[in-house]
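Content type PDB, C-alpha atoms and all ligand atoms, from the file entry.pdb:
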ATOM      1  CA  MET W   1     222.358  65.871 112.497
ATOM      2  CA  LYS W   2     222.948  67.054 116.019
ATOM      3  CA  THR W   3     220.091  69.061 117.453
ATOM      4  CA  SER W   4     218.618  69.640 120.851
ATOM      5  CA  ALA W   5     215.594  71.440 122.175
ATOM      6  CA  HIS W   6     214.014  72.725 125.313
ATOM      7  CA  VAL W   7     210.805  74.566 125.973
ATOM      8  CA  THR W   8     209.921  77.074 128.627
ATOM      9  CA  LEU W   9     206.409  78.036 129.535
ATOM     10  CA  VAL W  10     206.299  81.817 129.629
ATOM     11  CA  SER W  11     202.820  82.241 131.026
ATOM     12  CA  PRO W  12     200.783  81.810 133.067
ATOM     13  CA  ARG W  13     202.506  79.141 135.179
ATOM     14  CA  PHE W  14     205.479  81.382 135.953
ATOM     15  CA  ALA W  15     203.128  83.748 137.749
ATOM     16  CA  HIS W  16     203.951  82.102 141.081
ATOM     17  CA  ARG W  17     207.604  81.366 140.211
ATOM     18  CA  PRO W  18     209.197  84.770 139.589
ATOM     19  CA  ALA W  19     212.729  83.424 140.180
ATOM     20  CA  ALA W  20     212.290  80.765 137.516
ATOM     21  CA  LEU W  21     210.875  83.325 135.102
ATOM     22  CA  LEU W  22     213.774  85.678 135.788
ATOM     23  CA  ALA W  23     216.297  82.907 135.128
ATOM     24  CA  SER W  24     214.533  81.998 131.917
ATOM     25  CA  LEU W  25     214.387  85.590 130.728
ATOM     26  CA  SER W  26     218.062  86.071 131.599
ATOM     27  CA  ILE W  27     219.011  83.153 129.399
ATOM     28  CA  ILE W  28     216.859  84.500 126.579
ATOM     29  CA  CYS W  29     218.336  87.996 126.918
ATOM     30  CA  LEU W  30     221.879  86.602 126.817
ATOM     31  CA  ALA W  31     221.061  84.623 123.699
ATOM     32  CA  GLN W  32     219.419  87.599 122.006
ATOM     33  CA  ALA W  33     222.540  89.685 122.503
ATOM     34  CA  GLY W  34     224.110  87.933 119.502
ATOM     35  CA  ASN W  35     220.973  87.645 117.420
ATOM     36  CA  VAL W  36     221.878  87.389 113.732
ATOM     37  CA  LEU W  37     218.273  87.814 112.588
ATOM     38  CA  VAL W  38     216.842  91.111 111.408
ATOM     39  CA  ASN W  39     213.683  92.285 113.175
ATOM     40  CA  GLY W  40     213.231  89.056 115.133
ATOM     41  CA  SER W  41     210.335  90.484 117.145
ATOM     42  CA  PHE W  42     208.414  91.818 114.110
ATOM     43  CA  GLU W  43     208.545  95.346 115.551
ATOM     44  CA  LEU W  44     209.432  96.654 112.071
ATOM     45  CA  GLY W  45     206.611  94.745 110.393
ATOM     46  CA  TRP W  46     207.751  92.209 107.823
ATOM     47  CA  THR W  47     211.161  93.847 107.361
ATOM     48  CA  GLY W  48     213.682  91.034 106.941
ATOM     49  CA  TRP W  49     210.976  88.368 106.631
ATOM     50  CA  ASP W  50     209.216  86.683 103.732
ATOM     51  CA  HIS W  51     205.629  85.657 104.369
ATOM     52  CA  THR W  52     203.134  83.692 102.294
ATOM     53  CA  GLY W  53     199.697  82.203 102.898
ATOM     54  CA  GLU W  54     197.464  83.206 105.789
ATOM     55  CA  THR W  55     199.779  85.446 107.790
ATOM     56  CA  LEU W  56     199.453  88.937 109.185
ATOM     57  CA  LEU W  57     200.952  91.220 111.806
ATOM     58  CA  HIS W  58     198.993  91.616 115.026
ATOM     59  CA  SER W  59     199.239  94.503 117.476
ATOM     60  CA  ASN W  60     196.563  93.511 119.998
ATOM     61  CA  PRO W  61     198.512  93.166 123.285
ATOM     62  CA  ASP W  62     196.654  89.910 124.005
ATOM     63  CA  PHE W  63     198.419  88.356 121.013
ATOM     64  CA  VAL W  64     201.828  90.031 121.343
ATOM     65  CA  PRO W  65     204.134  88.405 123.924
ATOM     66  CA  ASP W  66     207.074  90.699 123.072
ATOM     67  CA  GLY W  67     207.053  94.355 122.037
ATOM     68  CA  SER W  68     204.102  95.713 120.073
ATOM     69  CA  GLN W  69     203.703  93.348 117.098
ATOM     70  CA  SER W  70     203.764  89.615 116.435
ATOM     71  CA  ALA W  71     203.434  87.271 113.462
ATOM     72  CA  TYR W  72     199.915  85.852 113.365
ATOM     73  CA  PHE W  73     198.910  82.732 111.438
ATOM     74  CA  ASN W  74     195.517  81.594 110.167
ATOM     75  CA  ALA W  75     193.326  84.471 111.337
ATOM     76  CA  TYR W  76     189.589  84.399 110.521
ATOM     77  CA  ASP W  77     189.416  80.584 110.105
ATOM     78  CA  GLN W  78     191.185  80.616 106.761
ATOM     79  CA  MET W  79     193.216  77.718 105.408
ATOM     80  CA  PRO W  80     196.227  77.308 107.729
ATOM     81  CA  ASP W  81     198.862  77.633 104.999
ATOM     82  CA  GLY W  82     200.997  80.432 106.426
ATOM     83  CA  LYS W  83     204.766  80.445 106.120
ATOM     84  CA  VAL W  84     207.178  83.036 107.542
ATOM     85  CA  SER W  85     210.882  82.817 106.625
ATOM     86  CA  GLN W  86     214.112  84.712 106.994
ATOM     87  CA  GLN W  87     217.485  84.173 105.355
ATOM     88  CA  PHE W  88     220.462  85.107 107.506
ATOM     89  CA  PRO W  89     224.267  84.873 107.400
ATOM     90  CA  THR W  90     225.969  81.964 109.144
ATOM     91  CA  VAL W  91     229.481  80.587 109.555
ATOM     92  CA  PRO W  92     229.866  76.954 108.454
ATOM     93  CA  GLY W  93     230.708  74.708 111.389
ATOM     94  CA  VAL W  94     229.378  77.146 113.996
ATOM     95  CA  SER W  95     226.452  76.037 116.160
ATOM     96  CA  TYR W  96     223.525  78.369 116.703
ATOM     97  CA  THR W  97     220.654  78.516 119.150
ATOM     98  CA  LEU W  98     217.237  79.256 117.696
ATOM     99  CA  GLU W  99     214.733  80.671 120.186
ATOM    100  CA  PHE W 100     211.196  81.918 119.751
ATOM    101  CA  ILE W 101     207.846  82.257 121.486
ATOM    102  CA  TYR W 102     204.868  80.353 120.118
ATOM    103  CA  GLY W 103     201.274  80.242 121.292
ATOM    104  CA  VAL W 104     197.834  79.362 119.955
ATOM    105  CA  TYR W 105     194.736  81.451 120.599
ATOM    106  CA  THR W 106     191.640  79.261 120.921
ATOM    107  CA  PRO W 107     188.710  81.460 121.965
ATOM    108  CA  ASN W 108     186.079  78.742 121.733
ATOM    109  CA  VAL W 109     187.860  75.423 122.118
ATOM    110  CA  PRO W 110     190.441  75.617 124.898
ATOM    111  CA  GLN W 111     193.003  72.844 125.290
ATOM    112  CA  THR W 112     193.248  72.374 121.522
ATOM    113  CA  GLN W 113     196.710  71.151 120.597
ATOM    114  CA  GLN W 114     198.435  72.626 117.548
ATOM    115  CA  SER W 115     201.867  72.507 115.996
ATOM    116  CA  MET W 116     204.181  74.715 113.960
ATOM    117  CA  ALA W 117     206.816  73.185 111.689
ATOM    118  CA  ILE W 118     210.275  74.635 112.281
ATOM    119  CA  LEU W 119     212.595  74.276 109.324
ATOM    120  CA  VAL W 120     216.225  75.422 109.122
ATOM    121  CA  GLU W 121     218.005  74.892 105.822
ATOM    122  CA  GLY W 122     221.557  75.585 104.771
ATOM    123  CA  GLN W 123     223.173  73.463 102.096
ATOM    124  CA  SER W 124     221.286  70.636 103.739
ATOM    125  CA  GLU W 125     218.344  70.435 106.109
ATOM    126  CA  LEU W 126     219.731  71.404 109.519
ATOM    127  CA  LEU W 127     216.577  71.313 111.615
ATOM    128  CA  ASN W 128     213.095  69.926 111.005
ATOM    129  CA  GLN W 129     210.966  69.935 114.145
ATOM    130  CA  LEU W 130     207.379  70.315 115.200
ATOM    131  CA  ALA W 131     206.797  72.782 118.020
ATOM    132  CA  VAL W 132     203.631  71.682 119.811
ATOM    133  CA  VAL W 133     201.501  73.773 122.163
ATOM    134  CA  VAL W 134     198.086  73.597 123.743
ATOM    135  CA  GLY W 135     195.939  76.591 122.873
ATOM    136  CA  GLY W 136     194.006  78.798 125.245
ATOM    137  CA  ARG W 137     192.705  82.291 125.893
ATOM    138  CA  ASN W 138     192.877  85.033 128.527
ATOM    139  CA  PRO W 139     195.812  84.789 128.448
ATOM    140  CA  VAL W 140     197.154  82.841 125.505
ATOM    141  CA  PRO W 141     199.564  80.274 127.033
ATOM    142  CA  PHE W 142     202.779  81.292 125.264
ATOM    143  CA  VAL W 143     205.688  78.863 125.301
ATOM    144  CA  ALA W 144     209.379  79.642 124.704
ATOM    145  CA  PHE W 145     211.131  77.123 122.480
ATOM    146  CA  ALA W 146     214.849  76.632 121.880
ATOM    147  CA  TYR W 147     216.717  74.450 119.413
ATOM    148  CA  THR W 148     220.315  74.200 118.303
ATOM    149  CA  PHE W 149     221.707  73.534 114.854
ATOM    150  CA  THR W 150     225.114  73.669 113.206
ATOM    151  CA  ALA W 151     225.477  75.760 110.052
ATOM    152  CA  ASP W 152     226.900  74.179 106.894
ATOM    153  CA  SER W 153     226.945  77.246 104.632
ATOM    154  CA  VAL W 154     227.329  81.028 104.705
ATOM    155  CA  SER W 155     223.598  81.539 104.355
ATOM    156  CA  THR W 156     220.755  79.771 106.171
ATOM    157  CA  VAL W 157     216.981  80.017 105.971
ATOM    158  CA  LEU W 158     214.644  79.689 108.954
ATOM    159  CA  SER W 159     210.966  78.982 108.276
ATOM    160  CA  PHE W 160     207.873  78.789 110.464
ATOM    161  CA  ILE W 161     205.206  76.760 108.660
ATOM    162  CA  ASP W 162     201.678  76.461 110.014
ATOM    163  CA  ASN W 163     201.118  72.734 110.546
ATOM    164  CA  ALA W 164     197.430  72.802 111.508
ATOM    165  CA  THR W 165     194.806  70.992 109.480
ATOM    166  CA  TYR W 166     191.817  73.017 108.310
ATOM    167  CA  GLN W 167     189.690  71.541 111.107
ATOM    168  CA  GLU W 168     192.395  72.272 113.673
ATOM    169  CA  GLY W 169     192.664  75.810 112.355
ATOM    170  CA  LEU W 170     189.006  76.634 112.900
ATOM    171  CA  SER W 171     188.749  79.090 115.784
ATOM    172  CA  ALA W 172     192.443  78.614 116.530
ATOM    173  CA  ASP W 173     195.162  81.057 115.498
ATOM    174  CA  ALA W 174     198.925  80.671 115.899
ATOM    175  CA  ILE W 175     201.270  83.398 117.095
ATOM    176  CA  VAL W 176     205.073  83.584 116.806
ATOM    177  CA  ASP W 177     207.227  86.323 118.322
ATOM    178  CA  ARG W 178     210.698  87.171 119.727
ATOM    179  CA  VAL W 179     212.666  85.029 117.302
ATOM    180  CA  SER W 180     216.424  84.902 117.691
ATOM    181  CA  VAL W 181     219.302  82.937 116.220
ATOM    182  CA  SER W 182     222.532  83.344 118.165
ATOM    183  CA  PRO W 183     225.902  81.613 117.876
ATOM    184  CA  VAL W 184     226.626  79.215 120.713
ATOM    185  CA  PRO W 185     229.596  80.610 122.707
ATOM    186  CA  GLU W 186     232.924  79.201 121.552
ATOM    187  CA  PRO W 187     234.840  76.887 123.940
ATOM    188  CA  ALA W 188     237.497  79.631 124.135
ATOM    189  CA  GLU W 189     234.994  81.850 125.948
ATOM    190  CA  SER W 190     234.169  79.217 128.542
ATOM    191  CA  GLY W 191     237.909  78.477 128.597
ATOM    192  CA  GLY W 192     238.434  81.970 129.946
ATOM    193  CA  VAL W 193     236.243  81.114 132.921
ATOM    194  CA  ILE W 194     238.222  77.915 133.487
ATOM    195  CA  ALA W 195     241.490  79.901 133.294
ATOM    196  CA  LEU W 196     240.213  82.355 135.905
ATOM    197  CA  ALA W 197     239.227  79.452 138.163
ATOM    198  CA  ALA W 198     242.702  77.934 137.720
ATOM    199  CA  LEU W 199     244.309  81.269 138.646
ATOM    200  CA  GLY W 200     242.207  81.312 141.786
ATOM    201  CA  ILE W 201     243.453  77.822 142.780
ATOM    202  CA  VAL W 202     247.086  78.840 142.153
ATOM    203  CA  PHE W 203     246.617  82.001 144.229
ATOM    204  CA  SER W 204     245.034  79.961 147.022
ATOM    205  CA  LEU W 205     247.888  77.412 147.006
ATOM    206  CA  ARG W 206     250.488  80.210 147.099
ATOM    207  CA  ARG W 207     248.827  81.687 150.159
ATOM    208  CA  ARG W 208     248.816  78.303 151.871
ATOM    209  CA  PHE W 209     252.488  77.658 151.144
ATOM    210  CA  ALA W 210     253.452  81.189 152.084
ATOM    211  CA  LYS W 211     252.303  80.593 155.662
TER     212      LYS W 211
HETATM  213 CA    CA N   1     207.077  91.481 118.806
END
Turn this file's structure into structure tokens for me.
Amino acid sequence: MKTSAHVTLVSPRFAHRPAALLASLSIICLAQAGNVLVNGSFELGWTGWDHTGETLLHSNPDFVPDGSQSAYFNAYDQMPDGKVSQQFPTVPGVSYTLEFIYGVYTPNVPQTQQSMAILVEGQSELLNQLAVVVGGRNPVPFVAFAYTFTADSVSTVLSFIDNATYQEGLSADAIVDRVSVSPVPEPAESGGVIALAALGIVFSLRRRFAK
């Protein structure tokens, strides 16, 4: 199973690094252009998503890193058993980038670490990772995560599963937003860039020999 991951802190450390934030957002925007998920930012409620356990939609701007709604896990100190899933079409053999924002609101116990299980299943299990963050408040320290997986069927299911214990879930709520799954650009597309570069070299050589 070939997977990779990177995380990007969205706030608040980017506050003094606007260029880094811009670069990060540019990458995310490019990836979201080919998003195969429906309603990845939960702006249409649960449309496209299945949800079980302690999950709800939140519209308080403090808990919404993208748009006007987010998926909220384990509110009101309930058992952290929430699961949010979406089934989406895939092309076997094609690699996809999964991106999302995850944060934990800890009003009383800052610095509490929590994790969310990330599961991607086609015919086989394609991705099984724990996204780990440190909670906080004012603002919630949201983190952008990215993983890649390669599809093995025409239909794939992505699931976010609250991984907190009951004790960890007390006074700590998880938030997921801006979820996207986008195909990784084919080599042919990057090949076009290489071809353009080669044309430039040929043009340059012609000019030199023409003198
Ligand atoms: Ca949203």
* For CA of Ser153 in chain W and CA of Pro92 in chain W, quote the distance in Å rounded to one decimal. => 4.8 Å
* **Residue neighbourhood Phe88 in chain W, 10 Å, all atoms listed in the file, exclusion window fewer than 3 positions, as a list in words** => Val36, Leu37, Val38, Gly48, Ser85, Gly122, Val154, Ser155, Thr156, Val157, Leu158 and Val181 of chain W
Please, which residues in chain W fall within 7 Å of ligand CA 1 (chain N) when counting all atoms listed in the file, and what is the closest atom pair and distance in Å to one decimal for each, ordered by chain then residue number, as CSV?
residue,atom,partner,partner_atom,distance
W:Ser41,CA,N:CA1,CA,3.8
W:Phe42,CA,N:CA1,CA,4.9
W:Glu43,CA,N:CA1,CA,5.3
W:Val64,CA,N:CA1,CA,6.0
W:Pro65,CA,N:CA1,CA,6.7
W:Asp66,CA,N:CA1,CA,4.3
W:Gly67,CA,N:CA1,CA,4.3
W:Ser68,CA,N:CA1,CA,5.3
W:Gln69,CA,N:CA1,CA,4.2
W:Ser70,CA,N:CA1,CA,4.5
W:Asp177,CA,N:CA1,CA,5.2
W:Arg178,CA,N:CA1,CA,5.7
* Once the PyMOL selection byres (((chain W and resi 53) around 8) and not hetatm) has been applied to the shown file, what residues remain in the selection, as number ranges by chain? -> W: 51-52, 54-55, 80-83
* **Pairwise distance for CA of Ser171 in chain W and CA of Gly135 in chain W, rounded to one decimal in Å** => 10.4 Å
* Asked: What lies within 8 Å of Asn138 in chain W using only C-alpha atoms, ignoring chain neighbours under 2 positions off, as an MDAnalysis selection string?
  -> chainID W and resid 62 136 140
Name every residue that the PyMOL selection byres (((chain W and resi 183) around 10) and not hetatm) selects in this structure, writing the answer as a tab-separated table (two decimals) with C-alpha atoms, keeping the file's coordinate frame with chains first and numbers rising.
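Dumped everything to result-v4.tsv:
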chain	number	residue	atom	x	y	z
W	31	ALA	CA	221.06	84.62	123.70
W	32	GLN	CA	219.42	87.60	122.01
W	33	ALA	CA	222.54	89.68	122.50
W	34	GLY	CA	224.11	87.93	119.50
W	35	ASN	CA	220.97	87.64	117.42
W	36	VAL	CA	221.88	87.39	113.73
W	90	THR	CA	225.97	81.96	109.14
W	91	VAL	CA	229.48	80.59	109.56
W	94	VAL	CA	229.38	77.15	114.00
W	95	SER	CA	226.45	76.04	116.16
W	96	TYR	CA	223.52	78.37	116.70
W	97	THR	CA	220.65	78.52	119.15
W	98	LEU	CA	217.24	79.26	117.70
W	148	THR	CA	220.32	74.20	118.30
W	149	PHE	CA	221.71	73.53	114.85
W	150	THR	CA	225.11	73.67	113.21
W	151	ALA	CA	225.48	75.76	110.05
W	181	VAL	CA	219.30	82.94	116.22
W	182	SER	CA	222.53	83.34	118.16
W	184	VAL	CA	226.63	79.22	120.71
W	185	PRO	CA	229.60	80.61	122.71
W	186	GLU	CA	232.92	79.20	121.55
